[in-house]
$ cat structure-v4.tsv   # TSV, C-alpha atoms
chain	number	residue	atom	x	y	z
D	1	MET	CA	20.35	19.40	19.12
D	2	THR	CA	21.82	16.26	20.65
D	3	LEU	CA	20.23	15.04	23.89
D	4	THR	CA	22.65	14.35	26.74
D	5	PRO	CA	21.90	10.87	28.14
D	6	GLN	CA	20.53	11.05	31.67
D	7	LYS	CA	21.75	8.92	34.56
D	8	SER	CA	20.38	5.39	34.73
D	9	THR	CA	20.79	4.18	38.29
D	10	PHE	CA	18.54	1.98	40.40
D	11	LEU	CA	17.27	5.06	42.25
D	12	ASN	CA	16.46	6.77	38.95
D	13	GLY	CA	14.47	3.68	38.06
D	14	LEU	CA	12.56	3.87	41.34
D	15	ALA	CA	11.81	7.52	40.63
D	16	GLY	CA	10.62	6.59	37.15
D	17	ALA	CA	8.30	3.99	38.69
D	18	LEU	CA	6.53	6.55	40.89
D	19	PRO	CA	3.77	7.47	38.39
D	20	ILE	CA	3.16	3.78	37.75
D	21	ALA	CA	3.11	2.98	41.47
D	22	LEU	CA	0.59	5.76	42.10
D	23	GLY	CA	-1.66	4.15	39.52
D	24	TYR	CA	-1.00	0.55	40.54
D	25	PHE	CA	-1.58	0.85	44.27
D	26	PRO	CA	-5.29	1.81	44.24
D	27	ILE	CA	-6.05	-0.68	41.45
D	28	ALA	CA	-4.28	-3.44	43.37
D	29	PHE	CA	-6.20	-2.43	46.49
D	30	SER	CA	-9.41	-2.82	44.51
D	31	PHE	CA	-8.25	-6.24	43.32
D	32	GLY	CA	-7.51	-7.34	46.87
D	33	VAL	CA	-11.01	-6.33	47.93
D	34	ALA	CA	-12.57	-8.09	44.93
D	35	ALA	CA	-10.53	-11.25	45.54
D	36	VAL	CA	-11.70	-11.55	49.16
D	37	ARG	CA	-15.23	-10.81	48.00
D	38	SER	CA	-14.90	-13.75	45.57
D	39	GLY	CA	-14.01	-16.12	48.40
D	40	LEU	CA	-10.21	-16.03	48.39
D	41	SER	CA	-8.23	-15.57	51.58
D	42	PRO	CA	-5.89	-12.57	51.96
D	43	SER	CA	-2.87	-14.84	51.45
D	44	GLU	CA	-4.39	-16.36	48.29
D	45	ALA	CA	-5.23	-12.92	46.91
D	46	THR	CA	-1.70	-11.68	47.59
D	47	GLY	CA	-0.28	-14.87	46.08
D	48	LEU	CA	-2.10	-14.18	42.81
D	49	SER	CA	-0.43	-10.78	42.60
D	50	VAL	CA	2.98	-12.21	43.50
D	51	ILE	CA	2.80	-14.97	40.88
D	52	ILE	CA	0.63	-13.65	38.05
D	53	TYR	CA	1.30	-9.88	38.38
D	54	ALA	CA	-0.96	-8.82	35.52
D	55	GLY	CA	-3.76	-6.46	36.44
D	56	ALA	CA	-6.52	-7.12	33.90
D	57	SER	CA	-5.73	-10.84	33.85
D	58	GLN	CA	-6.06	-11.08	37.62
D	59	PHE	CA	-9.53	-9.56	37.55
D	60	LEU	CA	-10.40	-11.97	34.73
D	61	ALA	CA	-9.04	-14.84	36.85
D	62	LEU	CA	-11.49	-13.88	39.61
D	63	ALA	CA	-14.37	-13.93	37.11
D	64	LEU	CA	-13.28	-17.35	35.83
D	65	ILE	CA	-12.95	-18.71	39.36
D	66	ALA	CA	-16.33	-17.35	40.37
D	67	GLY	CA	-17.90	-18.74	37.19
D	68	GLY	CA	-16.52	-22.22	37.81
D	69	ALA	CA	-14.43	-22.32	34.64
D	70	PRO	CA	-12.28	-25.46	34.17
D	71	VAL	CA	-8.67	-25.03	35.26
D	72	LEU	CA	-7.26	-25.66	31.77
D	73	VAL	CA	-9.63	-23.12	30.19
D	74	ALA	CA	-8.73	-20.52	32.81
D	75	ALA	CA	-5.00	-21.20	32.41
D	76	PHE	CA	-5.13	-21.00	28.59
D	77	THR	CA	-7.12	-17.76	28.70
D	78	LEU	CA	-4.68	-16.08	31.08
D	79	ILE	CA	-1.64	-17.27	29.10
D	80	ALA	CA	-3.17	-16.03	25.84
D	81	MET	CA	-3.87	-12.63	27.38
D	82	ASN	CA	-0.31	-12.27	28.67
D	83	VAL	CA	1.77	-13.86	25.91
D	84	ARG	CA	2.51	-10.37	24.59
D	85	HIS	CA	4.82	-9.81	27.56
D	86	VAL	CA	7.27	-12.28	26.03
D	87	LEU	CA	7.91	-9.75	23.27
D	88	TYR	CA	8.54	-6.74	25.51
D	89	GLY	CA	12.13	-7.63	26.42
D	90	PRO	CA	13.35	-8.25	22.85
D	91	ALA	CA	11.50	-5.17	21.60
D	92	LEU	CA	13.10	-2.97	24.25
D	93	LEU	CA	16.59	-4.34	23.61
D	94	LYS	CA	16.13	-3.83	19.87
D	95	ARG	CA	15.17	-0.21	20.54
D	96	VAL	CA	18.35	0.29	22.59
D	97	GLY	CA	20.66	-1.35	20.04
D	98	PRO	CA	23.38	-4.01	20.02
D	99	ASP	CA	25.29	-2.46	22.93
D	100	ALA	CA	22.46	-3.05	25.43
D	101	ALA	CA	23.48	-4.92	28.57
D	102	LYS	CA	21.83	-8.36	28.72
D	103	ARG	CA	23.49	-10.07	31.68
D	104	TRP	CA	20.41	-9.92	33.91
D	105	ALA	CA	17.79	-9.53	31.18
D	106	ALA	CA	16.03	-12.76	32.12
D	107	ILE	CA	15.32	-11.28	35.58
D	108	TRP	CA	14.40	-7.62	34.95
D	109	ALA	CA	12.36	-8.55	31.85
D	110	TRP	CA	9.96	-10.41	34.14
D	111	GLY	CA	8.83	-7.04	35.48
D	112	LEU	CA	7.95	-5.64	32.05
D	113	THR	CA	4.25	-5.00	32.42
D	114	ASP	CA	2.44	-2.89	29.84
D	115	GLU	CA	3.01	0.24	31.88
D	116	VAL	CA	6.65	-0.47	32.77
D	117	PHE	CA	7.41	-1.22	29.12
D	118	GLY	CA	5.69	1.99	28.02
D	119	ALA	CA	7.51	4.03	30.67
D	120	ALA	CA	10.87	2.54	29.67
D	121	LEU	CA	10.30	3.37	26.01
D	122	GLY	CA	9.22	6.87	26.96
D	123	ALA	CA	12.36	7.36	29.05
D	124	LEU	CA	14.55	6.27	26.14
D	125	ALA	CA	12.73	8.68	23.84
D	126	ARG	CA	13.49	11.50	26.30
D	127	GLY	CA	17.23	10.75	26.30
D	128	GLN	CA	17.45	8.31	29.21
D	129	ARG	CA	20.49	6.04	28.97
D	130	PHE	CA	19.52	2.36	29.15
D	131	SER	CA	20.92	0.28	32.00
D	132	GLU	CA	19.89	-2.88	33.78
D	133	SER	CA	20.05	-1.07	37.12
D	134	TYR	CA	17.43	1.38	35.89
D	135	MET	CA	15.22	-1.48	34.68
D	136	PHE	CA	15.48	-3.19	38.06
D	137	GLY	CA	14.51	0.05	39.78
D	138	ILE	CA	11.44	0.76	37.69
D	139	GLY	CA	10.39	-2.89	37.85
D	140	VAL	CA	10.80	-3.24	41.61
D	141	GLY	CA	8.95	0.01	42.28
D	142	ALA	CA	5.93	-1.04	40.23
D	143	TYR	CA	5.93	-4.61	41.60
D	144	ALA	CA	6.11	-3.46	45.22
D	145	ALA	CA	3.17	-1.08	44.72
D	146	TRP	CA	1.07	-3.83	43.17
D	147	ILE	CA	1.74	-6.39	45.88
D	148	SER	CA	1.38	-3.98	48.81
D	149	GLY	CA	-1.87	-2.61	47.37
D	150	THR	CA	-3.27	-6.12	46.95
D	151	MET	CA	-2.29	-7.11	50.48
D	152	LEU	CA	-3.87	-4.05	52.07
D	153	GLY	CA	-7.03	-4.43	50.00
D	154	ALA	CA	-7.35	-8.08	50.94
D	155	LEU	CA	-6.78	-7.35	54.61
D	156	ALA	CA	-9.36	-4.54	54.49
D	157	GLY	CA	-11.95	-7.11	53.43
D	158	GLY	CA	-14.64	-7.47	50.80
D	159	ALA	CA	-16.80	-4.71	52.27
D	160	ALA	CA	-14.08	-2.04	52.15
D	161	LEU	CA	-15.51	-0.22	49.10
D	162	GLN	CA	-19.22	-0.95	49.49
D	163	GLY	CA	-19.93	2.51	50.83
D	164	TRP	CA	-18.06	4.18	47.95
D	165	PRO	CA	-19.56	2.94	44.64
D	166	VAL	CA	-18.22	5.89	42.63
D	167	LEU	CA	-14.70	5.30	43.96
D	168	GLU	CA	-14.96	1.58	43.20
D	169	ALA	CA	-15.98	2.33	39.60
D	170	ALA	CA	-13.16	4.87	39.23
D	171	LEU	CA	-10.55	2.38	40.47
D	172	GLY	CA	-11.63	-0.06	37.78
D	173	PHE	CA	-10.90	2.57	35.11
D	174	MET	CA	-7.49	3.62	36.39
D	175	LEU	CA	-5.50	0.75	34.85
D	176	PRO	CA	-6.63	1.33	31.23
D	177	ALA	CA	-6.34	5.10	31.78
D	178	LEU	CA	-2.74	4.72	32.99
D	179	PHE	CA	-1.81	2.56	30.03
D	180	LEU	CA	-3.49	4.98	27.61
D	181	ALA	CA	-1.48	7.87	29.04
D	182	LEU	CA	1.76	5.94	28.59
D	183	LEU	CA	0.73	4.91	25.07
D	184	LEU	CA	0.09	8.52	24.09
D	185	SER	CA	3.53	9.53	25.40
D	186	ILE	CA	5.29	7.33	22.82
D	187	LEU	CA	2.70	7.51	20.03
D	188	SER	CA	3.87	8.25	16.51
D	189	ARG	CA	1.96	8.67	13.27
D	190	ALA	CA	3.40	5.42	11.89
D	191	GLN	CA	1.81	3.45	14.73
D	192	LEU	CA	-1.70	4.83	14.28
D	193	PRO	CA	-2.88	2.28	11.65
D	194	VAL	CA	-1.81	-0.65	13.84
D	195	ILE	CA	-3.54	0.80	16.90
D	196	ALA	CA	-6.67	1.51	14.84
D	197	VAL	CA	-6.81	-2.09	13.59
D	198	ALA	CA	-6.35	-3.53	17.08
D	199	ALA	CA	-8.94	-1.18	18.61
D	200	GLY	CA	-11.47	-1.79	15.83
D	201	VAL	CA	-11.24	-5.56	16.00
D	202	THR	CA	-11.45	-5.48	19.82
D	203	ILE	CA	-14.64	-3.39	19.75
D	204	VAL	CA	-16.33	-5.45	17.03
D	205	VAL	CA	-15.56	-8.85	18.58
D	206	THR	CA	-16.46	-7.62	22.07
D	207	LEU	CA	-19.88	-6.46	20.88
D	208	ALA	CA	-20.44	-9.61	18.79
D	209	VAL	CA	-19.05	-12.26	21.16
D	210	SER	CA	-17.62	-11.27	24.56
D	211	GLY	CA	-15.06	-9.02	26.25
D	212	THR	CA	-12.51	-11.83	26.61
D	213	SER	CA	-12.82	-12.79	22.95
D	214	GLY	CA	-12.50	-9.14	21.97
D	215	ILE	CA	-9.26	-8.70	23.91
D	216	LEU	CA	-7.72	-11.84	22.40
D	217	ALA	CA	-8.86	-10.94	18.87
D	218	GLY	CA	-7.59	-7.37	19.23
D	219	MET	CA	-4.16	-8.52	20.40
D	220	LEU	CA	-3.89	-10.96	17.48
D	221	ALA	CA	-5.08	-8.38	14.95
D	222	GLY	CA	-2.68	-5.77	16.28
D	223	ALA	CA	0.26	-8.18	16.15
D	224	ILE	CA	-0.55	-9.17	12.57
D	225	ALA	CA	-1.02	-5.56	11.52
D	226	GLY	CA	2.28	-4.55	13.13
D	227	LEU	CA	4.13	-7.43	11.50
D	228	THR	CA	2.58	-6.62	8.13
D	229	ARG	CA	3.60	-2.96	8.40
D	230	ARG	CA	7.15	-3.90	9.38
D	231	VAL	CA	7.48	-6.32	6.44
D	232	THR	CA	6.04	-3.72	4.08
D	233	ASP	CA	8.43	-1.02	5.32
D	234	ALA	CA	11.39	-3.38	4.92
$ encode --input "structure-v4.tsv" --output "structure tokens"
Amino acid sequence: MTLTPQKSTFLNGLAGALPIALGYFPIAFSFGVAAVRSGLSPSEATGLSVIIYAGASQFLALALIAGGAPVLVAAFTLIAMNVRHVLYGPALLKRVGPDAAKRWAAIWAWGLTDEVFGAALGALARGQRFSESYMFGIGVGAYAAWISGTMLGALAGGAALQGWPVLEAALGFMLPALFLALLLSILSRAQLPVIAVAAGVTIVVTLAVSGTSGILAGMLAGAIAGLTRRVTDA
């Protein structure tokens, strides 16, 4: 049976961003609280979300700032953690095919977080027609939720979650849980070996060295495993 392509308007993109926004807002709120607790002002905390816009990396940035890490070390670590985002745009366009619109790709691709990328791939798999308007919608919806959540959390202050330790712990788990749900929605058997390699290396290096080293090693191992599988299949 042939799937009929669904509409791909800006409003459809906003609707597609709703699950992501529901996950982003509380996590961003938690980040805003943590940023103020680390000594940043509400405007500085919001500025980090406006400029960096990368959940796990922003929490890592707070840890590096609080630990007194040199600026160059902090910058290199954050860039290394987020360099994968450079590949999301080309990977998405390759999935769509040669007829994909690219006029505004340099702008909407900036909003391709892990979750937005996963949601876009999932929409394509369900018969959604690709359009730049749709990508702007899903990107803007997720971005707005992240910034507004950060701002409200920062304005609430560092003591906002002190009386709710269970809630604070749950908010810290929501971002990986959201990404895992999106990953499972597009998972195929061919991708399992690559995911297993990345997960295994991440766990081993995290236990042997540190969490930051584990994340970087896992990303590198996953990229190499994926490239190896693609070359082998070709």
$ residues_near_point --input "structure-v4.tsv" --point "(-2.7, -14.2, 42.1)" --cutoff "12 Å" --atoms "only C-alpha atoms" --output "ChimeraX atom specification"
/D:28,31-32,34-36,40-62,65,78,146-147,150-151,154
$ atom_distance --input "structure-v4.tsv" --atom1 "atom CA of D:Tyr134" --atom2 "atom CA of D:Asn12"
6.3 Å
$ residues_around --input "structure-v4.tsv" --residues "D:Ala80" --least-positions-apart "2" --cutoff "12 Å" --atoms "only C-alpha atoms" --output "list in words"
Ser57, Val73, Ala74, Ala75, Phe76, Thr77, Leu78, Asn82, Val83, Arg84, His85, Val86, Thr212, Ser213, Ile215, Leu216, Ala217, Gly218, Met219 and Leu220 of chain D
$ atom_distance --input "structure-v4.tsv" --atom1 "atom CA of D:Ala120" --atom2 "atom CA of D:Arg103"
18.0 Å
$ atom_distance --input "structure-v4.tsv" --atom1 "atom CA of D:Phe10" --atom2 "atom CA of D:Phe130"
11.3 Å
$ closest_residue --input "structure-v4.tsv" --among "D:Gly97, D:Gly67, D:Gly153, D:Gly13" --to "D:Val140" --atoms "all atoms listed in the file"
D:Gly13
